[in-house]
Amino acid sequence: MRTGEVGRGARRAARSRGFERGARFGHVVSGVLHLLIGMLAVAVAFGSRENIDQSGALATLADKPGGRIALWVLSVGFVAMALWRVVEAVWGGQSEHARSNSPLDRVKAMGIAAVYVGLSYSTIGFAQGSGKSSGEQNAALSARLMQSLPGKALLIVAALILLGVGGYHVYKGVTRGFRDDLTTYDRTGAGRWIEPLAVVGYVAKGITIVGVGILVVIATVRSDPSQATGLDGALKTLGAQPFGAVLLTCAGAGVAIYGLYCFAMARYAKM
C-alpha cells in the first residue's frame with residue numbers, strides 16, 4: 001500500500017463518528033481527574049496528607065474497589081484525546097465546527113497531545129501498580145538540571161512557559177474566550193450554566209499553573225529542587241499561608257469546577 005493511500009485511510013478514520021466519540025470521552029476522563037484533584041485539595045485543607053496532583057488522584061482511585069479497572073478505562077480516554085490532538089496538529093480540525101488551522105493552533109494541539117500521552121502513561125502505571133509520585137519525579141528531574149547552567153536555563157524556560165499557559169487560562173476565563181471552543185453555544189440554553197463553570201474553572205486552573213511556574217523559578221534561583229514539585233507543591237504552599245485552609249479549599253473547588261466544565265466540553269466542544 002502506498003504512503004498516500006495510508007494517509008488518506010488514516011484521515012478517513014480520523015473523520016469517523018466513532019473516533020470523535022472517543023475523543024469526547026477524553027474530555028470526560030479529564031473531568032474525572034480534575035474532580036479528584038479538587039477533592040484531594042479540599043481533603044488536605046482539612047488535614048489529609050495526600051499528594052494534590054495527578055499522581056495523588058490516580059493513586060486514590062487505584063486504592064478503591066474496581067479502581068484498577070477504572071484506571072484502564074481512563075487511560076483509553078487519554079489516548080483517544082491524544083490521538084485527536086495529533087490529528088488536529090497534522091491535518092487541522094476535521095469537522096464543520098473545527099477551530100482555525102493556523103500554525104499556532106497546530107503547535108498548541110501537539111502540545112496538548114503530549115500532555116495527554118503523559119497522563120495516559122501515568123494512568124497505565126498506576127493501573128499496573130507501578131505508579132510514581134509526580135512531585136518526586138519533578139523534584140528528581142529538577143535536581144539533575146540544577147547541576148548545570150544550561151539545565152537551570154531550561155528550568156527557567158519551562159517556568160516561563162508555565163507562567164504563560166497559566167496566564168492564558170486566566171485571560172481565557174475572564175474574557176470568556178472559551179466560547180469559541182463550543183458548538184451551538186448561542187442556539188441552545190447551555191450557555192446559562194456552562195459559562196459560570198468555565199469562567200471559574202479557567203481562572204482557578206490558571207492561577208494554580210502560575211503558582212507552579214513561580215515555584216520553579218524560586219527553586220531554580222535557590223538551587224532547591226524540593227520546591228519544584230509541581231502542582232502538589234504549589235497547592236500545599238498555598239495551604240501554608242495565613243488562612244491557608246480557606247485558600248486551599250477555594251483552589252480545590254475551582255479545579256473541581258473546571259472538571260465539571262470538562263463534562264460540558266464532552267458534549268459541546270468543537271471537534
# chains A, B, ... in the order shown; residues from 1 in each chain; ligands from 1
call {"tool": "residues_around", "arguments": {"residues": "segment 138-147 of chain A", "least_positions_apart": "4", "cutoff": "9 Å", "atoms": "only C-alpha atoms", "output": "list in words"}}
result
Ser133, Ser134, Gly151, Lys152, Ala153, Leu154, Leu155, Val216, Ala219, Thr220, Ser223, Asp224, Pro225, Ser226, Gln227, Ala228, Thr229 and Gly230 of chain A
call {"tool": "residues_around", "arguments": {"residues": "Arg176 of chain A", "least_positions_apart": "4", "cutoff": "9 Å", "atoms": "only C-alpha atoms", "output": "VMD selection string"}}
result
chain A and resid 171 to 172 180 195 198 to 199
call {"tool": "write_last_selection", "arguments": {"atoms": "N, CA and C atoms", "output": "PDB file, in the first residue's frame"}}
result
ATOM      1  N   TYR A 171      -6.769  34.587  31.414  1.00  0.00           N
ATOM      2  CA  TYR A 171      -7.269  35.512  30.385  1.00  0.00           C
ATOM      3  C   TYR A 171      -8.469  34.906  29.653  1.00  0.00           C
ATOM      4  N   LYS A 172      -8.368  33.627  29.329  1.00  0.00           N
ATOM      5  CA  LYS A 172      -9.452  32.967  28.601  1.00  0.00           C
ATOM      6  C   LYS A 172     -10.724  32.911  29.431  1.00  0.00           C
ATOM      7  N   ASP A 180     -15.444  30.308  21.910  1.00  0.00           N
ATOM      8  CA  ASP A 180     -15.041  29.857  20.578  1.00  0.00           C
ATOM      9  C   ASP A 180     -14.782  28.351  20.529  1.00  0.00           C
ATOM     10  N   GLU A 195     -21.216  28.717  31.110  1.00  0.00           N
ATOM     11  CA  GLU A 195     -20.350  29.885  31.227  1.00  0.00           C
ATOM     12  C   GLU A 195     -19.805  30.104  32.641  1.00  0.00           C
ATOM     13  N   ALA A 198     -17.062  27.602  33.288  1.00  0.00           N
ATOM     14  CA  ALA A 198     -15.847  27.864  32.521  1.00  0.00           C
ATOM     15  C   ALA A 198     -15.057  29.028  33.105  1.00  0.00           C
ATOM     16  N   VAL A 199     -15.742  30.102  33.460  1.00  0.00           N
ATOM     17  CA  VAL A 199     -15.055  31.282  33.998  1.00  0.00           C
ATOM     18  C   VAL A 199     -14.299  30.913  35.270  1.00  0.00           C
TER      19      VAL A 199
END
call {"tool": "select_by_dssp", "arguments": {"residues": "segment 14-230 of chain A", "states": "helix (DSSP H, G or I)", "output": "VMD selection string"}}
result
chain A and resid 14 17 to 45 54 to 62 67 to 91 103 to 127 134 to 145 149 to 174 177 to 181 191 to 222 225 to 227
call {"tool": "residues_around", "arguments": {"residues": "Gly38 of chain A", "least_positions_apart": "2", "cutoff": "6 Å", "atoms": "only C-alpha atoms", "output": "PyMOL selection string"}}
result
chain A and resi 35-36+40-41+252-253+255-256
call {"tool": "residues_around", "arguments": {"residues": "Phe178 of chain A", "least_positions_apart": "6", "cutoff": "12 Å", "atoms": "only C-alpha atoms", "output": "list in words"}}
result
Arg99, Tyr168, His169, Val170, Tyr171, Lys172, Tyr185, Gly191, Ile194, Glu195, Pro196, Leu197, Ala198, Val199, Val200, Gly201, Tyr202, Val203, Tyr261, Cys262, Ala264, Met265, Tyr268, Ala269 and Lys270 of chain A
call {"tool": "write_last_selection", "arguments": {"atoms": "N, CA, C and O atoms", "output": "tab-separated table (two decimals), in the first residue's frame"}}
result
chain	number	residue	atom	x	y	z
A	99	ARG	N	-11.82	24.36	14.89
A	99	ARG	CA	-11.07	25.60	15.14
A	99	ARG	C	-10.28	25.96	13.88
A	99	ARG	O	-10.17	25.18	12.95
A	168	TYR	N	-2.64	32.55	30.29
A	168	TYR	CA	-3.59	32.38	29.19
A	168	TYR	C	-4.91	31.79	29.69
A	168	TYR	O	-5.99	32.20	29.26
A	169	HIS	N	-4.83	30.83	30.62
A	169	HIS	CA	-6.05	30.26	31.19
A	169	HIS	C	-6.87	31.33	31.91
A	169	HIS	O	-8.09	31.39	31.76
A	170	VAL	N	-6.19	32.15	32.70
A	170	VAL	CA	-6.90	33.23	33.42
A	170	VAL	C	-7.54	34.19	32.42
A	170	VAL	O	-8.71	34.56	32.55
A	171	TYR	N	-6.77	34.59	31.41
A	171	TYR	CA	-7.27	35.51	30.39
A	171	TYR	C	-8.47	34.91	29.65
A	171	TYR	O	-9.48	35.59	29.42
A	172	LYS	N	-8.37	33.63	29.33
A	172	LYS	CA	-9.45	32.97	28.60
A	172	LYS	C	-10.72	32.91	29.43
A	172	LYS	O	-11.83	33.06	28.91
A	185	TYR	N	-23.38	27.20	20.84
A	185	TYR	CA	-23.37	27.92	22.11
A	185	TYR	C	-24.57	28.88	22.21
A	185	TYR	O	-25.21	28.98	23.25
A	191	GLY	N	-25.43	27.79	27.50
A	191	GLY	CA	-24.52	28.83	27.96
A	191	GLY	C	-24.84	29.35	29.34
A	191	GLY	O	-23.96	29.82	30.06
A	194	ILE	N	-23.06	26.64	31.48
A	194	ILE	CA	-21.68	26.33	31.13
A	194	ILE	C	-20.76	27.50	31.43
A	194	ILE	O	-19.65	27.33	31.95
A	195	GLU	N	-21.22	28.72	31.11
A	195	GLU	CA	-20.35	29.88	31.23
A	195	GLU	C	-19.81	30.10	32.64
A	195	GLU	O	-18.60	30.32	32.80
A	196	PRO	N	-20.62	30.04	33.68
A	196	PRO	CA	-20.05	30.22	35.03
A	196	PRO	C	-19.02	29.16	35.38
A	196	PRO	O	-18.00	29.45	36.03
A	197	LEU	N	-19.28	27.91	34.98
A	197	LEU	CA	-18.31	26.85	35.23
A	197	LEU	C	-16.99	27.15	34.55
A	197	LEU	O	-15.91	26.99	35.13
A	198	ALA	N	-17.06	27.60	33.29
A	198	ALA	CA	-15.85	27.86	32.52
A	198	ALA	C	-15.06	29.03	33.11
A	198	ALA	O	-13.83	28.95	33.22
A	199	VAL	N	-15.74	30.10	33.46
A	199	VAL	CA	-15.06	31.28	34.00
A	199	VAL	C	-14.30	30.91	35.27
A	199	VAL	O	-13.09	31.17	35.40
A	200	VAL	N	-15.00	30.31	36.23
A	200	VAL	CA	-14.37	29.94	37.50
A	200	VAL	C	-13.28	28.89	37.28
A	200	VAL	O	-12.18	28.97	37.84
A	201	GLY	N	-13.59	27.89	36.45
A	201	GLY	CA	-12.63	26.81	36.24
A	201	GLY	C	-11.35	27.27	35.58
A	201	GLY	O	-10.25	26.91	36.02
A	202	TYR	N	-11.47	28.06	34.52
A	202	TYR	CA	-10.27	28.53	33.83
A	202	TYR	C	-9.42	29.43	34.72
A	202	TYR	O	-8.19	29.32	34.74
A	203	VAL	N	-10.07	30.33	35.46
A	203	VAL	CA	-9.31	31.24	36.33
A	203	VAL	C	-8.61	30.46	37.42
A	203	VAL	O	-7.41	30.67	37.70
A	261	TYR	N	-16.69	21.57	33.96
A	261	TYR	CA	-16.69	22.18	32.64
A	261	TYR	C	-16.21	21.18	31.58
A	261	TYR	O	-16.70	21.18	30.44
A	262	CYS	N	-15.26	20.33	31.96
A	262	CYS	CA	-14.79	19.30	31.02
A	262	CYS	C	-15.93	18.38	30.59
A	262	CYS	O	-15.98	17.93	29.44
A	264	ALA	N	-18.99	19.32	30.27
A	264	ALA	CA	-19.73	20.10	29.27
A	264	ALA	C	-19.00	20.07	27.93
A	264	ALA	O	-19.63	19.97	26.86
A	265	MET	N	-17.67	20.12	27.98
A	265	MET	CA	-16.89	20.05	26.74
A	265	MET	C	-17.11	18.73	26.01
A	265	MET	O	-17.08	18.67	24.78
A	268	TYR	N	-20.28	19.64	24.08
A	268	TYR	CA	-20.39	20.83	23.25
A	268	TYR	C	-19.08	21.27	22.59
A	268	TYR	O	-19.08	22.27	21.85
A	269	ALA	N	-17.96	20.62	22.85
A	269	ALA	CA	-16.69	21.06	22.28
A	269	ALA	C	-16.67	20.92	20.76
A	269	ALA	O	-17.22	19.97	20.21
A	270	LYS	N	-16.02	21.87	20.11
A	270	LYS	CA	-15.78	21.75	18.67
A	270	LYS	C	-14.72	20.67	18.46
A	270	LYS	O	-13.66	20.72	19.04
call {"tool": "closest_residue", "arguments": {"among": "A:Ile257, A:Leu163, A:Asp181, A:Gly56", "to": "Gly211 of chain A", "atoms": "only C-alpha atoms"}}
result
A:Leu163
